[in-house]
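The data block below is data-v9.txt; it holds compact mmCIF, C-alpha atoms.
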# COMPACT_ATOMS: atom_id res chain seq x y z
CA MET A 1 0.00 0.00 0.00
CA ARG A 2 1.39 3.41 -0.85
CA ARG A 3 1.76 5.76 2.10
CA LEU A 4 2.43 9.49 2.21
CA VAL A 5 4.26 10.73 5.30
CA LEU A 6 4.07 14.42 6.20
CA SER A 7 6.35 16.05 8.80
CA ILE A 8 4.98 19.48 9.64
CA SER A 9 6.25 22.29 11.86
CA LEU A 10 5.26 25.94 11.88
CA LEU A 11 7.84 26.93 9.27
CA TRP A 12 8.52 23.95 7.07
CA CYS A 13 7.05 20.90 5.49
CA VAL A 14 8.92 17.81 4.28
CA VAL A 15 7.13 15.17 2.23
CA LEU A 16 8.55 11.64 1.93
CA VAL A 17 7.02 9.00 -0.33
CA TYR A 18 7.60 5.25 -0.06
CA SER A 19 7.24 2.94 -3.08
CA GLN A 20 6.57 5.77 -5.55
CA GLN A 21 7.38 9.40 -6.29
CA ILE A 22 4.95 12.27 -5.83
CA PRO A 23 3.24 13.05 -9.16
CA LYS A 24 4.63 16.26 -10.60
CA ASP A 25 1.24 18.00 -10.71
CA ILE A 26 0.62 17.70 -6.95
CA GLN A 27 0.99 21.14 -5.35
CA LEU A 28 1.60 21.68 -1.61
CA GLU A 29 1.04 24.98 0.16
CA ILE A 30 0.73 26.06 3.82
CA ARG A 31 -1.58 29.00 4.47
CA ASN A 32 -2.04 30.05 8.10
CA ASP A 33 -2.52 26.74 9.96
CA THR A 34 -3.69 24.60 7.02
CA LEU A 35 -1.76 22.44 4.55
CA PHE A 36 -3.41 22.49 1.10
CA VAL A 37 -2.82 19.61 -1.33
CA THR A 38 -3.93 20.33 -4.90
CA CYS A 39 -4.16 17.41 -7.34
CA GLN A 40 -6.53 15.07 -9.14
CA ALA A 41 -8.80 13.20 -6.71
CA ASP A 42 -7.54 9.77 -7.85
CA GLU A 43 -3.97 10.80 -7.00
CA LEU A 44 -4.74 11.35 -3.31
CA PRO A 45 -3.28 8.68 -1.01
CA LYS A 46 -5.85 6.79 1.04
CA HIS A 47 -3.90 7.16 4.28
CA VAL A 48 -1.87 10.06 5.67
CA ILE A 49 0.45 9.99 8.67
CA VAL A 50 1.22 13.36 10.22
CA LYS A 51 4.29 13.66 12.43
CA ALA A 52 4.67 16.95 14.33
CA VAL A 53 8.13 17.65 15.74
CA ASP A 54 6.80 18.87 19.10
CA ARG A 55 4.60 15.90 20.04
CA VAL A 56 4.05 12.20 19.37
CA ASN A 57 2.96 10.95 15.97
CA ILE A 58 -0.63 11.66 15.01
CA TYR A 59 -2.31 9.06 12.82
CA LYS A 60 -5.34 10.45 11.02
CA ARG A 61 -7.65 8.95 8.45
CA MET A 62 -7.98 12.01 6.25
CA PHE A 63 -9.99 10.86 3.24
CA TYR A 64 -13.07 8.98 4.37
CA ASP A 65 -14.56 6.33 2.15
CA GLU A 66 -18.17 5.59 3.09
CA THR A 67 -17.83 2.07 1.67
CA ASP A 68 -14.91 1.29 3.97
CA ASP A 69 -15.69 -1.10 6.84
CA LEU A 70 -14.12 1.33 9.30
CA MET A 71 -17.00 3.76 8.71
CA GLU A 72 -19.85 1.27 9.21
CA ASP A 73 -19.94 1.30 13.02
CA HIS A 74 -19.23 3.88 15.68
CA PRO A 75 -17.24 3.05 18.83
CA ALA A 76 -19.20 0.99 21.40
CA ASP A 77 -22.20 0.92 19.04
CA ASP A 78 -23.65 -2.14 20.76
CA ILE A 79 -23.55 -0.46 24.18
CA TYR A 80 -25.27 2.67 22.84
CA ASN A 81 -27.87 0.81 20.74
CA SER A 82 -26.49 2.43 17.56
CA ILE A 83 -27.46 5.92 18.77
CA TRP A 84 -25.09 8.43 17.18
CA THR A 85 -26.20 12.05 17.13
CA SER A 86 -24.66 15.49 17.56
CA GLU A 87 -27.87 17.00 18.94
CA LYS A 88 -27.26 16.48 22.67
CA VAL A 89 -24.43 15.60 25.03
CA ASN A 90 -26.77 13.02 26.58
CA PRO A 91 -29.32 11.78 24.03
CA TYR A 92 -29.50 8.26 25.42
CA ALA A 93 -32.24 8.43 28.10
CA TYR A 94 -30.47 5.86 30.29
CA SER A 95 -31.16 6.70 33.93
CA ILE A 96 -28.55 5.64 36.45
CA ASP A 97 -31.06 3.16 37.92
CA SER A 98 -31.28 1.36 34.58
CA ILE A 99 -27.53 0.91 34.11
CA GLN A 100 -26.21 -2.56 34.86
CA ASP A 101 -24.24 -2.75 38.09
CA THR A 102 -20.56 -3.78 38.03
CA ILE A 103 -19.22 -2.94 34.56
CA VAL A 104 -15.49 -3.29 33.89
CA ILE A 105 -14.01 -0.44 31.82
CA ASP A 106 -10.69 -0.95 30.04
CA CYS A 107 -8.64 2.19 30.70
CA LYS A 108 -5.45 1.16 28.92
CA GLY A 109 -3.97 3.69 26.52
CA PHE A 110 -5.27 6.68 28.50
CA VAL A 111 -3.71 10.12 27.96
CA MET A 112 -4.37 13.08 30.25
CA PRO A 113 -6.34 15.80 28.41
CA VAL A 114 -3.69 18.42 29.27
CA LYS A 115 0.06 18.19 29.87
CA GLU A 116 -0.14 19.91 33.24
CA GLY A 117 -2.65 21.68 35.46
CA TYR A 118 -4.54 21.52 38.72
CA ILE A 119 -8.18 21.24 39.75
CA THR A 120 -9.95 24.57 40.12
CA SER A 121 -13.47 23.22 40.62
CA LYS A 122 -14.50 19.70 41.59
CA PHE A 123 -17.37 17.50 40.47
CA GLY A 124 -20.44 18.06 42.63
CA PRO A 125 -23.22 20.44 43.66
CA ARG A 126 -23.02 24.17 43.19
CA LYS A 127 -25.49 26.59 44.70
CA TYR A 128 -28.46 26.01 42.37
CA ARG A 129 -27.09 23.43 39.94
CA TYR A 130 -24.81 20.43 39.64
CA HIS A 131 -21.28 20.59 38.23
CA TYR A 132 -20.90 17.43 36.14
CA GLY A 133 -17.21 17.76 35.35
CA THR A 134 -13.80 18.59 36.75
CA ASP A 135 -12.31 21.99 35.95
CA ILE A 136 -8.58 21.91 35.25
CA LYS A 137 -6.52 25.09 35.09
CA VAL A 138 -5.07 25.77 31.65
CA LEU A 139 -4.00 28.91 29.85
CA THR A 140 -5.68 30.09 26.67
CA GLY A 141 -3.82 28.38 23.85
CA ASP A 142 -2.71 25.32 25.84
CA SER A 143 -3.12 22.02 23.97
CA ILE A 144 -6.12 19.80 24.75
CA PHE A 145 -5.73 16.10 23.90
CA SER A 146 -8.08 13.15 23.38
CA SER A 147 -7.98 10.78 26.37
CA TRP A 148 -8.37 7.57 24.33
CA ASP A 149 -8.76 6.50 20.73
CA GLY A 150 -12.26 7.26 19.54
CA GLN A 151 -14.58 9.13 17.22
CA VAL A 152 -15.76 12.72 17.56
CA ARG A 153 -19.54 12.82 18.10
CA ILE A 154 -20.05 16.54 18.77
CA VAL A 155 -18.23 19.75 17.86
CA ARG A 156 -20.26 22.80 18.77
CA ASN A 157 -20.37 26.22 20.38
CA ASP A 158 -22.66 26.64 23.38
CA PRO A 159 -22.34 30.33 24.32
CA LYS A 160 -24.37 30.01 27.56
CA GLY A 161 -22.72 26.81 28.74
CA TYR A 162 -19.82 24.73 27.43
CA GLY A 163 -18.55 27.34 24.97
CA ASN A 164 -16.55 25.64 22.22
CA PHE A 165 -16.68 21.96 23.12
CA VAL A 166 -16.00 18.47 21.80
CA VAL A 167 -17.51 15.10 22.73
CA VAL A 168 -15.57 11.93 21.84
CA ARG A 169 -16.97 8.37 22.02
CA HIS A 170 -14.40 5.68 22.87
CA PRO A 171 -14.35 1.92 22.17
CA ASN A 172 -14.26 1.19 25.93
CA GLY A 173 -17.83 2.55 26.24
CA LEU A 174 -16.95 5.91 27.79
CA GLU A 175 -17.46 9.37 26.32
CA THR A 176 -15.32 12.38 27.20
CA VAL A 177 -16.29 16.05 27.05
CA TYR A 178 -13.80 18.92 26.59
CA ALA A 179 -15.30 22.39 27.08
CA HIS A 180 -14.53 26.14 27.00
CA MET A 181 -11.87 25.78 24.29
CA SER A 182 -10.69 28.82 22.37
CA ARG A 183 -10.24 26.80 19.20
CA VAL A 184 -11.22 23.34 17.96
CA TYR A 185 -9.14 21.39 15.43
CA VAL A 186 -11.33 18.32 14.84
CA GLU A 187 -14.62 17.75 13.05
CA GLU A 188 -17.69 15.68 13.83
CA ASN A 189 -17.34 11.98 12.86
CA GLU A 190 -13.55 12.27 12.67
CA HIS A 191 -11.57 9.36 14.11
CA VAL A 192 -8.93 10.42 16.64
CA THR A 193 -6.19 8.66 18.56
CA ALA A 194 -5.22 8.89 22.22
CA GLY A 195 -3.13 12.02 22.70
CA GLU A 196 -4.30 13.62 19.48
CA LEU A 197 -4.74 17.40 19.58
CA LEU A 198 -8.46 18.30 19.80
CA GLY A 199 -8.11 22.03 20.29
CA LEU A 200 -6.76 24.79 22.51
CA GLY A 201 -7.68 25.82 26.05
CA GLY A 202 -9.80 28.92 26.46
CA ASN A 203 -12.49 30.85 28.30
CA THR A 204 -15.53 30.51 26.02
CA GLY A 205 -19.12 29.98 27.14
CA ARG A 206 -20.18 30.17 30.79
CA SER A 207 -16.71 30.58 32.23
CA THR A 208 -15.01 33.06 34.54
CA GLY A 209 -11.44 32.21 33.58
CA SER A 210 -9.41 30.08 31.20
CA HIS A 211 -9.78 26.40 32.09
CA LEU A 212 -10.73 22.99 30.72
CA HIS A 213 -14.07 21.60 31.85
CA TYR A 214 -13.50 17.85 31.54
CA GLU A 215 -16.15 15.15 31.82
CA ILE A 216 -16.16 11.37 31.64
CA ARG A 217 -19.60 9.85 30.96
CA TYR A 218 -21.07 6.37 30.59
CA LEU A 219 -24.36 6.07 28.66
CA GLY A 220 -24.71 9.83 29.07
CA ASN A 221 -24.35 9.82 32.85
CA ALA A 222 -21.40 11.76 34.24
CA LEU A 223 -19.07 10.30 36.83
CA ASN A 224 -16.55 12.02 39.07
CA THR A 225 -13.27 11.96 37.13
CA GLU A 226 -11.32 11.83 40.40
CA LEU A 227 -12.60 8.27 40.88
CA MET A 228 -10.55 7.28 37.83
CA LEU A 229 -7.73 9.84 37.74
CA ASP A 230 -5.06 10.74 40.27
CA TYR A 231 -4.63 14.48 39.67
CA GLY A 232 -1.70 14.60 42.10
CA LYS A 233 0.31 12.19 39.95
CA PHE A 234 -1.53 13.34 36.81
CA GLN A 235 -2.32 9.83 35.61
CA MET A 236 -4.99 7.10 35.52
CA ARG A 237 -5.33 5.28 38.85
CA ASP A 238 -5.46 1.83 37.25
CA THR A 239 -5.69 0.13 33.86
CA THR A 240 -9.30 -0.86 34.61
CA TYR A 241 -12.19 0.86 36.35
CA LEU A 242 -15.25 -0.83 37.85
CA ILE A 243 -18.52 1.05 37.37
CA THR A 244 -20.90 0.35 40.28
CA GLN A 245 -24.14 1.93 41.41
CA LYS A 246 -22.84 2.52 44.94
CA GLU A 247 -19.44 4.02 44.17
CA THR A 248 -19.55 5.47 40.66
CA PHE A 249 -23.00 6.99 40.98
CA TYR A 250 -22.87 7.81 44.70
CA HIS A 251 -24.14 11.30 43.86
CA TYR A 252 -27.41 10.08 42.33
CA GLN A 253 -29.46 10.54 45.51
CA HIS A 254 -28.17 14.07 45.90
CA LEU A 255 -29.08 14.74 42.28
CA LYS A 256 -32.64 13.54 42.83
CA GLU A 257 -32.94 15.78 45.89
CA MET A 258 -31.71 18.78 43.89
CA GLN A 259 -34.18 18.03 41.09
CA GLN A 260 -37.03 17.95 43.61
CA ALA A 261 -35.87 21.13 45.34
CA LYS A 262 -38.06 24.23 45.23
CA TYR A 263 -36.71 27.78 45.39
CA ILE A 264 -38.63 31.01 45.96
CA THR A 265 -37.78 34.70 45.85
CA VAL A 266 -38.43 36.59 49.08
CA LYS A 267 -41.16 39.23 48.78
CA SER A 268 -42.33 42.09 50.97
CA GLY A 269 -43.82 40.77 54.21
CA ASP A 270 -41.99 37.44 54.09
CA ASN A 271 -39.98 36.15 57.01
CA LEU A 272 -38.85 32.67 58.01
CA SER A 273 -41.98 31.96 60.06
CA VAL A 274 -44.32 33.11 57.28
CA LEU A 275 -42.47 31.03 54.68
CA ALA A 276 -42.39 27.95 56.92
CA LYS A 277 -46.17 28.10 57.39
CA ARG A 278 -46.84 28.80 53.71
CA TYR A 279 -44.80 25.83 52.47
CA GLY A 280 -45.67 23.36 55.24
CA THR A 281 -42.24 23.14 56.81
CA SER A 282 -40.41 24.51 59.86
CA VAL A 283 -38.07 27.43 60.45
CA ARG A 284 -35.37 24.97 61.49
CA ALA A 285 -35.75 23.04 58.23
CA LEU A 286 -35.55 26.27 56.18
CA CYS A 287 -32.38 27.24 57.99
CA ARG A 288 -30.83 23.82 57.37
CA LEU A 289 -31.66 23.92 53.65
CA ASN A 290 -30.19 27.39 53.22
CA GLY A 291 -27.28 27.26 55.64
CA ILE A 292 -28.57 30.16 57.76
CA LYS A 293 -29.51 30.73 61.41
CA GLU A 294 -32.98 31.26 62.86
CA THR A 295 -31.93 34.80 63.75
CA THR A 296 -30.95 35.57 60.15
CA ILE A 297 -32.89 38.48 58.61
CA ILE A 298 -33.93 37.62 55.06
CA ARG A 299 -34.07 40.31 52.38
CA ILE A 300 -36.53 41.14 49.63
CA GLY A 301 -35.27 39.59 46.37
CA GLN A 302 -33.24 36.92 48.19
CA ARG A 303 -33.50 33.39 46.79
CA LEU A 304 -34.33 30.69 49.33
CA ARG A 305 -34.85 26.97 49.12
CA VAL A 306 -38.12 25.89 50.75
CA ARG A 307 -38.10 22.18 49.88
Turn this file's structure into C-alpha cells for me.
Amino acid sequence: MRRLVLSISLLWCVVLVYSQQIPKDIQLEIRNDTLFVTCQADELPKHVIVKAVDRVNIYKRMFYDETDDLMEDHPADDIYNSIWTSEKVNPYAYSIDSIQDTIVIDCKGFVMPVKEGYITSKFGPRKYRYHYGTDIKVLTGDSIFSSWDGQVRIVRNDPKGYGNFVVVRHPNGLETVYAHMSRVYVEENEHVTAGELLGLGGNTGRSTGSHLHYEIRYLGNALNTELMLDYGKFQMRDTTYLITQKETFYHYQHLKEMQQAKYITVKSGDNLSVLAKRYGTSVRALCRLNGIKETTIIRIGQRLRVR
C-alpha cells in the first residue's frame, strides 16, 4: 500500500514518499494553519500519517470512504444501541437506575487531556445546579488532547454553557467532554487517537477564567473523574475501572434531591416563620436547607430553598 508521510512544523514541510514518487502535478502549500494539497482526486493517497516535531505521531484517516468497513460502526455501538447524534451531550435516556451494576471499563492507553494543570473546581453540587465535570486550570492556547482512541460525536459552540466543546466516544464505552476551548481542530465523525490534539484551552461559554471543563460519561451519565484519575500524579489510577451503582453513581441521591428542590424569591412581608407556614415546613428546616440561622434576617429579592 502506498503511504504518504508528512512532517509538519510551523515553518517547514517535508514530504517523503515510499514505493513511488509524488506526481509532478501535486501542489503543496501552507496558508495560516492549514496544509493544502492540490491534485486530481484519484492521486490522493488513502492514508496520511502526520508527524509533528513537538509531540508524538498523530495518525489520522484524512480521506473517508463511506464504503470502507471502518465507517460502518461507531465506537461501542452495541452499548449505545447504535445511537449516534450530535444534537445532545446526553441523548440516550439511560437513567442511572437502569444501568447494569458492576461494569469493567478498560482504561489502557489513557492520555491526560492536558500536559499539566490543577483542579480549580471539583465534580459536585453548586449553589443552584450540579457541576458534572472537573475543571482543570489551563491557559488560553494550551493544547487539549483526546484521552483515548475514539470518534468525535459533537463539535459545537454553546455560548451560555460549554462554549466551544468536543464530545468523543471511545471503544471502551466511555465518552469524554472537553469544554470552553478557544479553538477546535477536529470535526464531527472524525476518528482520533489517544493524545491527538483536539483544540486549545480557552475561556468561552459560561466561564469566569481560562480552564478545561473535563467530563467522563457512561451512557450519558457523568461520573466524578477523580474516581478514575489521580490528579496529584496526573495519571490514571489503574488500567481498569469498575462502574458500580454505589461508588460510581454515589451522587445520584443528591441529584434527585436537587431536582425535587423548590426555590422562591423573598417578597415584601416574608420572614422565616411566614415562609415555613406557607410551604408546610419549619423554620429549622428552612435554615438547614439554606445554611442560615434562625436569627438571620432575610431580604426582599433573596432566593431561598423551601423544599
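Atom to atom, CA of Asp135 (chain A) and CA of Phe123 (chain A) stand 8.1 Å apart.
Among A:Gly220, A:Gly280, A:Gly173, A:Gly291, the residue with the shortest atom-to-atom distance to Ile103 (chain A), counting all atoms listed in the file, is A:Gly173.
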So how far away is CA of Arg307 (chain A) from CA of Thr281 (chain A), in Å?
8.1 Å
For a test of reading the model, state the distance in Å between CA of Gly109 (chain A) and CA of Ala194 (chain A), rounded to one decimal.
6.9 Å
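Distance check against Leu229 (chain A) using all atoms listed in the file: of A:Leu304, A:Ala76, A:Val155, A:Ile119, the minimum falls on A:Ile119.
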Can you tell me, as a PDB file with C-alpha atoms, in the frame of the given file, what residues are no more than 12 Å from Leu275 (chain A) when counting all atoms listed in the file, ignoring any on the same chain fewer than 2 positions away?
ATOM      1  CA  TYR A 263     -36.710  27.780  45.390  1.00  0.00           C
ATOM      2  CA  ILE A 264     -38.630  31.010  45.960  1.00  0.00           C
ATOM      3  CA  THR A 265     -37.780  34.700  45.850  1.00  0.00           C
ATOM      4  CA  VAL A 266     -38.430  36.590  49.080  1.00  0.00           C
ATOM      5  CA  LYS A 267     -41.160  39.230  48.780  1.00  0.00           C
ATOM      6  CA  SER A 268     -42.330  42.090  50.970  1.00  0.00           C
ATOM      7  CA  GLY A 269     -43.820  40.770  54.210  1.00  0.00           C
ATOM      8  CA  ASP A 270     -41.990  37.440  54.090  1.00  0.00           C
ATOM      9  CA  ASN A 271     -39.980  36.150  57.010  1.00  0.00           C
ATOM     10  CA  LEU A 272     -38.850  32.670  58.010  1.00  0.00           C
ATOM     11  CA  SER A 273     -41.980  31.960  60.060  1.00  0.00           C
ATOM     12  CA  LYS A 277     -46.170  28.100  57.390  1.00  0.00           C
ATOM     13  CA  ARG A 278     -46.840  28.800  53.710  1.00  0.00           C
ATOM     14  CA  TYR A 279     -44.800  25.830  52.470  1.00  0.00           C
ATOM     15  CA  GLY A 280     -45.670  23.360  55.240  1.00  0.00           C
ATOM     16  CA  THR A 281     -42.240  23.140  56.810  1.00  0.00           C
ATOM     17  CA  SER A 282     -40.410  24.510  59.860  1.00  0.00           C
ATOM     18  CA  VAL A 283     -38.070  27.430  60.450  1.00  0.00           C
ATOM     19  CA  ARG A 284     -35.370  24.970  61.490  1.00  0.00           C
ATOM     20  CA  ALA A 285     -35.750  23.040  58.230  1.00  0.00           C
ATOM     21  CA  LEU A 286     -35.550  26.270  56.180  1.00  0.00           C
ATOM     22  CA  CYS A 287     -32.380  27.240  57.990  1.00  0.00           C
ATOM     23  CA  ILE A 298     -33.930  37.620  55.060  1.00  0.00           C
ATOM     24  CA  LEU A 304     -34.330  30.690  49.330  1.00  0.00           C
ATOM     25  CA  ARG A 305     -34.850  26.970  49.120  1.00  0.00           C
ATOM     26  CA  VAL A 306     -38.120  25.890  50.750  1.00  0.00           C
ATOM     27  CA  ARG A 307     -38.100  22.180  49.880  1.00  0.00           C
TER      28      ARG A 307
END
